[in-house]
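K.L.:
So that we are looking at the same thing, I have put the structure below in structure tokens.
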Amino acid sequence: MNDPQPSSLSEFIDEVPETETSLIVLNRTGPEPLVGLLRDAFGTQEVSVSDRQLPEGGKDLVLLVREGRVVATSHMERLQNSFLLINADRYRTGTHGLQEANMPDVLIGLDEIEFEVRGFPASNKEKLLLVLISRFIEGRALRAETGRFDVSFQRFSRLDDEYGTRKVYRWLGDSGVDTHVYGVRDEPIDEDLAVTPHAGTHEEYRHSWFVVFRPPADEDGHVALVALETGDNVWRAMWTYDPDRVARIGAYVQRNF
């Protein structure tokens with residue numbers, strides 16, 4: 001890794017190249033409002049959404065197209081059950097689970113794209129995408145049972161916001177994953193959570209959202225989400241599976257938090 005270390009987390013987002021990305025709902029048989037929900041979810045993003053009927057091909061499919069090439073396909077039912085017809089609370093409470101199988105491939109494949117998402121009440125869906133990816137990364141770390149996991153909560157009290165969050169981090173702490181949590185120490189972390197806390201008050205502690213999983217260097221599964229709060233519940237974000245970039249993000253976190 002010869003790339004220079006950025007001086008801020010925002011520079012990792014700046015590195016993301018522009019790509020032509022679209023989601024195509026193919027041969028829909030379900031109600032049109034589902035396509036409307038998908039358009040609303042990506043209405044402010046560099047991801048276009050279209051609804052097409054073709055004489056050949058499967059029904060009720062969603063295609064992820066990047067630079068003119070289909071790179072992932074998911075059934076519309078999976079997308080609606082994991083994203084379009086739920087809200088962020090379902091993921092925070094852990095009732096939806098953490099299995100990678102629950103994640104539609106067309107959402108998993110939206111890496112290396114810059115997003116600017118709004119939370120409720122401005123949007124019911126945009127920020128949910130980042131919540132979902134966070135749960136995906138937690139699940140990947142839990143299944144690996146090894147490696148290093150770094151996550152920011154802005155404030156330590158958010159570990160207790162929902163029972164499901166606390167449960168997930170108890171599992172991580174009890175696993176073989178070296179788990180580190182970061183935030184402003186507005187309340188202590190209970191000793192029954194076997195995680196390493198890192199407390200601070202500087203700007204990135206208070207306004208960053210990162211989830212970084214680094215398995216052993218010779219294993220697959222590297223993934224990192226980086227998001228920065230740029231306004232009231234407005235986030236600029238990206239995620240990546242590139243091992244070098246994930247390693248650089250992890251190194252930045254270790255050095256600056």
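Please note that chains go A, B, ... in the order of the structure tokens, that every chain numbers its residues from 1, and that ligands are numbered from 1 in the order shown.
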Tell me which protein, DNA and RNA residues are within 10 Å of region 174-188 of chain A, counting only C-alpha atoms, leaving out same-chain ones fewer than 5 positions away, and put them as a PyMOL selection string.
P.N.:
chain A and resi 141-159+168-169+193-202+204-215+253-254+257
K.L.:
Just the residues within 12 Å of Pro55 (chain A), please, counting only C-alpha atoms, with nothing from its chain fewer than 6 positions along; format it as JSON, numbers by chain.
P.N.:
{"A": [26, 27, 28]}
K.L.:
Can you tell me, as a VMD selection string, what residues are no more than 7 Å from Val106 (chain A) when counting only C-alpha atoms, ignoring any on the same chain fewer than 6 positions away?
P.N.:
chain A and resid 63 to 64 72 to 74
K.L.:
Excluding Ala247 (chain A) and its own-chain neighbours fewer than 3 positions away, which residues fall within 9 Å of it when counting only C-alpha atoms? Please give them as a count of residues only.
P.N.:
11
K.L.:
Can you work out the spacing between CA of Asn256 (chain A) and CA of Ile189 (chain A) in Å, to one decimal?
P.N.:
20.8 Å
K.L.:
May I ask which of the residues A:Gln5, A:Lys125, A:Arg135, A:Glu67 is the closest one to Val246 (chain A), counting only C-alpha atoms?
P.N.:
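Checking each of A:Gln5, A:Lys125, A:Arg135, A:Glu67 against Val246 (chain A), counting only C-alpha atoms, the winner is A:Gln5.
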K.L.:
Give me the region 122-160 of chain A side of the contact with region 225-231 of chain A, cut-off 9 Å, one line per residue showing its nearest atom pair and distance in Å at one decimal, counting only C-alpha atoms, sorted by chain and residue number, as JSON lines.
P.N.:
```
{"residue": "A:Leu130", "atom": "CA", "partner": "A:Leu225", "partner_atom": "CA", "distance": 8.1}
{"residue": "A:Ile133", "atom": "CA", "partner": "A:Leu225", "partner_atom": "CA", "distance": 7.6}
{"residue": "A:Ser134", "atom": "CA", "partner": "A:Leu225", "partner_atom": "CA", "distance": 7.2}
{"residue": "A:Ile137", "atom": "CA", "partner": "A:Leu225", "partner_atom": "CA", "distance": 8.4}
```
K.L.:
Write a file of the selected residues as a compact mmCIF listing (two decimals), in the first residue's frame, keeping C-alpha atoms.
P.N.:
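So result-v1.txt came out as:
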```txt
# COMPACT_ATOMS: atom_id res chain seq x y z
CA LEU A 130 -26.54 2.98 5.38
CA ILE A 133 -25.01 -1.85 5.09
CA SER A 134 -23.90 -1.40 8.71
CA ILE A 137 -20.84 -5.55 7.94
```
K.L.:
DSSP on the backbone, strand (DSSP E) only: what residues of region 3-131 of chain A does that give? Format it as a list in words.
P.N.:
Thr21, Ser22, Leu23, Ile24, Val25, Leu26, Val47, Ser48, Val49, Ser50, Asp51, Arg52, Leu61, Val62, Leu63, Leu64, Val65, Arg66, Arg69, Val70, Val71, Ala72, Thr73, Ser74, His75, Phe115, Glu116, Val117 and Arg118 of chain A
K.L.:
Please produce a file of those selected residues containing N, CA and C atoms, as an mmCIF file, in the first residue's frame.
P.N.:
```cif
data_model
loop_
_atom_site.group_PDB
_atom_site.id
_atom_site.type_symbol
_atom_site.label_atom_id
_atom_site.label_comp_id
_atom_site.auth_asym_id
_atom_site.auth_seq_id
_atom_site.Cartn_x
_atom_site.Cartn_y
_atom_site.Cartn_z
ATOM 1 N N THR A 21 -24.480 4.455 -13.041
ATOM 2 C CA THR A 21 -25.095 3.361 -12.290
ATOM 3 C C THR A 21 -26.610 3.474 -12.367
ATOM 4 N N SER A 22 -27.281 2.342 -12.585
ATOM 5 C CA SER A 22 -28.742 2.364 -12.652
ATOM 6 C C SER A 22 -29.315 1.072 -12.085
ATOM 7 N N LEU A 23 -30.545 1.169 -11.604
ATOM 8 C CA LEU A 23 -31.344 0.020 -11.189
ATOM 9 C C LEU A 23 -32.515 -0.084 -12.155
ATOM 10 N N ILE A 24 -32.705 -1.264 -12.745
ATOM 11 C CA ILE A 24 -33.775 -1.490 -13.715
ATOM 12 C C ILE A 24 -34.729 -2.541 -13.159
ATOM 13 N N VAL A 25 -35.983 -2.168 -12.998
ATOM 14 C CA VAL A 25 -37.017 -3.121 -12.602
ATOM 15 C C VAL A 25 -37.525 -3.762 -13.892
ATOM 16 N N LEU A 26 -37.328 -5.076 -14.017
ATOM 17 C CA LEU A 26 -37.580 -5.780 -15.273
ATOM 18 C C LEU A 26 -38.842 -6.634 -15.182
ATOM 19 N N VAL A 47 -27.816 7.402 -8.903
ATOM 20 C CA VAL A 47 -28.288 6.076 -9.297
ATOM 21 C C VAL A 47 -29.679 6.259 -9.891
ATOM 22 N N SER A 48 -29.828 6.007 -11.179
ATOM 23 C CA SER A 48 -31.133 6.170 -11.819
ATOM 24 C C SER A 48 -31.955 4.899 -11.663
ATOM 25 N N VAL A 49 -33.276 5.039 -11.693
ATOM 26 C CA VAL A 49 -34.198 3.913 -11.554
ATOM 27 C C VAL A 49 -35.169 3.941 -12.727
ATOM 28 N N SER A 50 -35.340 2.792 -13.393
ATOM 29 C CA SER A 50 -36.282 2.696 -14.502
ATOM 30 C C SER A 50 -37.087 1.420 -14.399
ATOM 31 N N ASP A 51 -38.216 1.397 -15.095
ATOM 32 C CA ASP A 51 -39.168 0.284 -15.079
ATOM 33 C C ASP A 51 -39.362 -0.155 -16.527
ATOM 34 N N ARG A 52 -38.960 -1.389 -16.852
ATOM 35 C CA ARG A 52 -38.993 -1.824 -18.243
ATOM 36 C C ARG A 52 -39.708 -3.161 -18.401
ATOM 37 N N LEU A 61 -37.725 -8.819 -11.670
ATOM 38 C CA LEU A 61 -36.304 -8.777 -11.348
ATOM 39 C C LEU A 61 -35.841 -7.331 -11.251
ATOM 40 N N VAL A 62 -34.804 -7.105 -10.447
ATOM 41 C CA VAL A 62 -34.151 -5.799 -10.382
ATOM 42 C C VAL A 62 -32.702 -6.016 -10.800
ATOM 43 N N LEU A 63 -32.265 -5.257 -11.803
ATOM 44 C CA LEU A 63 -30.911 -5.373 -12.318
ATOM 45 C C LEU A 63 -30.096 -4.171 -11.862
ATOM 46 N N LEU A 64 -28.883 -4.421 -11.426
ATOM 47 C CA LEU A 64 -27.931 -3.356 -11.154
ATOM 48 C C LEU A 64 -27.004 -3.262 -12.354
ATOM 49 N N VAL A 65 -27.001 -2.103 -12.998
ATOM 50 C CA VAL A 65 -26.204 -1.891 -14.201
ATOM 51 C C VAL A 65 -25.164 -0.810 -13.917
ATOM 52 N N ARG A 66 -23.891 -1.152 -14.147
ATOM 53 C CA ARG A 66 -22.810 -0.195 -13.931
ATOM 54 C C ARG A 66 -21.975 -0.108 -15.200
ATOM 55 N N ARG A 69 -23.085 -2.459 -17.955
ATOM 56 C CA ARG A 69 -22.992 -3.905 -17.754
ATOM 57 C C ARG A 69 -23.796 -4.329 -16.528
ATOM 58 N N VAL A 70 -24.587 -5.395 -16.680
ATOM 59 C CA VAL A 70 -25.337 -5.930 -15.549
ATOM 60 C C VAL A 70 -24.361 -6.621 -14.606
ATOM 61 N N VAL A 71 -24.288 -6.138 -13.362
ATOM 62 C CA VAL A 71 -23.325 -6.689 -12.405
ATOM 63 C C VAL A 71 -24.005 -7.438 -11.255
ATOM 64 N N ALA A 72 -25.316 -7.284 -11.102
ATOM 65 C CA ALA A 72 -26.028 -7.993 -10.035
ATOM 66 C C ALA A 72 -27.510 -8.040 -10.371
ATOM 67 N N THR A 73 -28.165 -9.083 -9.883
ATOM 68 C CA THR A 73 -29.603 -9.264 -10.099
ATOM 69 C C THR A 73 -30.246 -9.733 -8.807
ATOM 70 N N SER A 74 -31.393 -9.173 -8.464
ATOM 71 C CA SER A 74 -32.160 -9.600 -7.286
ATOM 72 C C SER A 74 -33.627 -9.658 -7.655
ATOM 73 N N HIS A 75 -34.364 -10.515 -6.961
ATOM 74 C CA HIS A 75 -35.810 -10.559 -7.158
ATOM 75 C C HIS A 75 -36.444 -9.378 -6.426
ATOM 76 N N PHE A 115 -22.793 8.670 -1.857
ATOM 77 C CA PHE A 115 -24.186 8.926 -1.541
ATOM 78 C C PHE A 115 -24.302 10.144 -0.638
ATOM 79 N N GLU A 116 -25.383 10.869 -0.778
ATOM 80 C CA GLU A 116 -25.778 11.863 0.213
ATOM 81 C C GLU A 116 -27.195 11.527 0.621
ATOM 82 N N VAL A 117 -27.377 11.098 1.858
ATOM 83 C CA VAL A 117 -28.669 10.572 2.286
ATOM 84 C C VAL A 117 -29.224 11.402 3.438
ATOM 85 N N ARG A 118 -30.547 11.449 3.484
ATOM 86 C CA ARG A 118 -31.246 12.178 4.542
ATOM 87 C C ARG A 118 -31.989 11.188 5.420
#
```
K.L.:
If you run DSSP on the backbone here, which positions in region 61-163 of chain A get alpha helix (DSSP H)? Please write them as a PyMOL selection string.
P.N.:
chain A and resi 76-79+88-92+105-108+126-144+163
K.L.:
To one decimal in Å, tell me the separation between CA of Arg39 (chain A) and CA of Ile113 (chain A).
P.N.:
16.9 Å
K.L.:
Considering only C-alpha atoms, return as a list in words whatever protein or nucleic-acid residues lie within 12 Å of Pro121 (chain A), sequence-local ones (same chain, fewer than 4 positions apart) excluded.
P.N.:
Val117, Lys125, Glu126, Lys127, Asp232, Asn233 and Val234 of chain A
K.L.:
How far is it from CA of Phe83 (chain A) to CA of Asp160 (chain A), in Å with one decimal?
P.N.:
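About the pair CA of Phe83 (chain A) and CA of Asp160 (chain A): they are 24.0 Å apart.
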